[in-house]
Amino acid sequence: MFLFLSKLLPIFIYPLGLSCLLMLVALVTLWRRPKLASAAIASALVILLLSSNGWVANGIAQSLEWQHLPSGELPNAAAIVVLGGGIKPAIYPRPWVDVSEAGDRVLYGAELYNQGKA
């Protein structure tokens, strides 16, 4: 039961799920309490606008990433392992191999190699 709730409840806390829940409240209360419905719609729009803003998204991501920065100098290793999925193949109409959205791992692996870490 706890596992089910731990998977279900966060859906309503995330911005999209919370906005959908507020829109559902607005739909149910539209005829009897129009002021509550308009407040729910306005809240849903504000949540969507704030959570889809690039500055907010980058700020949240940076607040999590700064906690896990490696301390000190990175040690030397025998090899650098780069997980796949960071490039797009040279399939028509793309004339060459392209770095995709997850391509920063390929670039960081190349940077580590150029620094002589492996």
# chains A, B, ... in the order shown; residues from 1 in each chain; ligands from 1
>>> residues_around(residues="range 19-23 of chain A", least_positions_apart="5", cutoff="10 Å", atoms="only C-alpha atoms", output="list in words")
Ile11, Phe12, Ile13, Tyr14, Val28, Thr29, Ala37, Ser38, Ala39, Ala40, Ile41, Ala42, Ser43, Ala44, Leu45, Val46, Ile47 and Leu48 of chain A
>>> write_last_selection(atoms="all heavy atoms", output="CSV table (one decimal), in the first residue's frame")
chain,number,residue,atom,x,y,z
A,11,ILE,N,2.5,12.4,-8.2
A,11,ILE,CA,1.9,12.9,-9.5
A,11,ILE,C,1.1,14.1,-9.3
A,11,ILE,O,1.1,15.0,-10.1
A,11,ILE,CB,1.1,11.7,-10.1
A,11,ILE,CG1,2.0,10.6,-10.5
A,11,ILE,CG2,0.3,12.3,-11.3
A,11,ILE,CD1,1.2,9.4,-11.0
A,12,PHE,N,0.4,14.2,-8.1
A,12,PHE,CA,-0.4,15.4,-7.8
A,12,PHE,C,0.4,16.5,-7.2
A,12,PHE,O,-0.1,17.6,-7.1
A,12,PHE,CB,-1.5,15.0,-6.9
A,12,PHE,CG,-2.5,14.0,-7.5
A,12,PHE,CD1,-2.5,12.7,-7.0
A,12,PHE,CD2,-3.2,14.3,-8.6
A,12,PHE,CE1,-3.4,11.7,-7.5
A,12,PHE,CE2,-4.0,13.3,-9.2
A,12,PHE,CZ,-4.1,12.0,-8.7
A,13,ILE,N,1.7,16.3,-6.9
A,13,ILE,CA,2.5,17.4,-6.4
A,13,ILE,C,3.3,18.0,-7.5
A,13,ILE,O,3.6,19.2,-7.5
A,13,ILE,CB,3.5,16.8,-5.3
A,13,ILE,CG1,2.7,16.1,-4.2
A,13,ILE,CG2,4.3,17.9,-4.7
A,13,ILE,CD1,1.7,17.0,-3.5
A,14,TYR,N,3.6,17.3,-8.5
A,14,TYR,CA,4.4,17.9,-9.7
A,14,TYR,C,3.5,18.9,-10.3
A,14,TYR,O,2.3,18.9,-10.3
A,14,TYR,CB,4.7,16.8,-10.7
A,14,TYR,CG,5.7,15.8,-10.2
A,14,TYR,CD1,5.7,14.5,-10.6
A,14,TYR,CD2,6.7,16.1,-9.3
A,14,TYR,CE1,6.6,13.5,-10.1
A,14,TYR,CE2,7.6,15.2,-8.8
A,14,TYR,CZ,7.5,13.9,-9.2
A,14,TYR,OH,8.4,13.0,-8.8
A,28,VAL,N,-15.5,21.1,-11.7
A,28,VAL,CA,-16.6,20.6,-10.9
A,28,VAL,C,-17.3,21.8,-10.2
A,28,VAL,O,-18.5,21.8,-10.0
A,28,VAL,CB,-16.0,19.7,-9.8
A,28,VAL,CG1,-17.0,19.4,-8.7
A,28,VAL,CG2,-15.5,18.4,-10.5
A,29,THR,N,-16.6,22.8,-9.8
A,29,THR,CA,-17.2,24.0,-9.1
A,29,THR,C,-17.6,25.1,-9.9
A,29,THR,O,-17.9,26.2,-9.4
A,29,THR,CB,-16.2,24.4,-8.0
A,29,THR,OG1,-15.0,24.9,-8.6
A,29,THR,CG2,-15.9,23.4,-7.0
A,37,ALA,N,-13.8,28.6,-8.8
A,37,ALA,CA,-13.4,28.0,-10.1
A,37,ALA,C,-12.4,29.0,-10.8
A,37,ALA,O,-11.4,28.5,-11.3
A,37,ALA,CB,-14.6,27.8,-11.0
A,38,SER,N,-12.7,30.3,-10.8
A,38,SER,CA,-11.7,31.2,-11.4
A,38,SER,C,-10.4,31.2,-10.6
A,38,SER,O,-9.3,31.4,-11.2
A,38,SER,CB,-12.3,32.6,-11.5
A,38,SER,OG,-12.6,33.1,-10.2
A,39,ALA,N,-10.4,31.1,-9.3
A,39,ALA,CA,-9.2,31.1,-8.5
A,39,ALA,C,-8.4,29.8,-8.9
A,39,ALA,O,-7.2,29.8,-8.9
A,39,ALA,CB,-9.5,31.1,-7.0
A,40,ALA,N,-9.1,28.7,-9.0
A,40,ALA,CA,-8.4,27.4,-9.4
A,40,ALA,C,-7.8,27.5,-10.8
A,40,ALA,O,-6.6,27.1,-11.0
A,40,ALA,CB,-9.4,26.3,-9.3
A,41,ILE,N,-8.5,28.1,-11.7
A,41,ILE,CA,-7.9,28.3,-13.1
A,41,ILE,C,-6.7,29.2,-13.0
A,41,ILE,O,-5.7,28.9,-13.7
A,41,ILE,CB,-9.0,28.8,-14.0
A,41,ILE,CG1,-10.1,27.7,-14.2
A,41,ILE,CG2,-8.4,29.2,-15.4
A,41,ILE,CD1,-11.3,28.2,-15.0
A,42,ALA,N,-6.8,30.3,-12.3
A,42,ALA,CA,-5.7,31.3,-12.2
A,42,ALA,C,-4.5,30.6,-11.6
A,42,ALA,O,-3.4,30.8,-12.0
A,42,ALA,CB,-6.1,32.5,-11.5
A,43,SER,N,-4.7,29.8,-10.5
A,43,SER,CA,-3.6,29.1,-9.8
A,43,SER,C,-3.0,28.1,-10.8
A,43,SER,O,-1.7,28.0,-10.8
A,43,SER,CB,-4.1,28.4,-8.6
A,43,SER,OG,-4.7,29.3,-7.7
A,44,ALA,N,-3.8,27.4,-11.5
A,44,ALA,CA,-3.2,26.4,-12.5
A,44,ALA,C,-2.4,27.1,-13.5
A,44,ALA,O,-1.3,26.6,-13.8
A,44,ALA,CB,-4.3,25.6,-13.1
A,45,LEU,N,-2.8,28.2,-14.0
A,45,LEU,CA,-2.0,29.0,-15.0
A,45,LEU,C,-0.7,29.5,-14.5
A,45,LEU,O,0.3,29.4,-15.1
A,45,LEU,CB,-2.9,30.1,-15.7
A,45,LEU,CG,-4.0,29.6,-16.6
A,45,LEU,CD1,-4.8,30.8,-17.0
A,45,LEU,CD2,-3.4,28.9,-17.8
A,46,VAL,N,-0.8,30.0,-13.2
A,46,VAL,CA,0.4,30.6,-12.6
A,46,VAL,C,1.4,29.4,-12.4
A,46,VAL,O,2.6,29.6,-12.6
A,46,VAL,CB,0.1,31.3,-11.3
A,46,VAL,CG1,1.3,31.6,-10.5
A,46,VAL,CG2,-0.7,32.6,-11.6
A,47,ILE,N,0.9,28.3,-11.9
A,47,ILE,CA,1.8,27.1,-11.7
A,47,ILE,C,2.5,26.7,-13.0
A,47,ILE,O,3.7,26.4,-13.0
A,47,ILE,CB,1.0,26.0,-11.0
A,47,ILE,CG1,0.7,26.4,-9.5
A,47,ILE,CG2,1.8,24.7,-11.0
A,47,ILE,CD1,-0.2,25.4,-8.9
A,48,LEU,N,1.7,26.6,-14.0
A,48,LEU,CA,2.2,26.2,-15.3
A,48,LEU,C,3.2,27.2,-15.9
A,48,LEU,O,4.3,26.8,-16.4
A,48,LEU,CB,1.1,26.0,-16.3
A,48,LEU,CG,0.3,24.7,-16.2
A,48,LEU,CD1,-0.8,24.6,-17.2
A,48,LEU,CD2,1.2,23.5,-16.3
>>> select_by_dssp(residues="chain A", states="alpha helix (DSSP H)", output="ChimeraX atom specification")
/A:2-13,15-28,34-51,54-65,104-114
>>> select_by_dssp(residues="chain A", states="strand (DSSP E)", output="PyMOL selection string")
chain A and resi 87-88+98-99
>>> write_last_selection(atoms="C-alpha atoms", output="short mmCIF file (atom, residue, chain, number, x, y, z; two decimals), in the first residue's frame")
data_model
loop_
_atom_site.label_atom_id
_atom_site.label_comp_id
_atom_site.auth_asym_id
_atom_site.auth_seq_id
_atom_site.Cartn_x
_atom_site.Cartn_y
_atom_site.Cartn_z
CA ILE A 87 24.66 11.18 -30.37
CA LYS A 88 22.33 10.98 -33.36
CA ASP A 98 25.26 15.00 -34.36
CA VAL A 99 25.34 15.49 -30.60
#
>>> residues_around(residues="range 73-86 of chain A", least_positions_apart="5", cutoff="12 Å", atoms="only C-alpha atoms", output="number ranges by chain")
A: 97-118
>>> closest_residue(among="A:Leu9, A:Ile60, A:Gln67, A:Leu36", to="Leu24 in chain A", atoms="only C-alpha atoms")
A:Leu36
>>> atom_distance(atom1="CA of Lys7 in chain A", atom2="CA of Trp66 in chain A")
26.6 Å
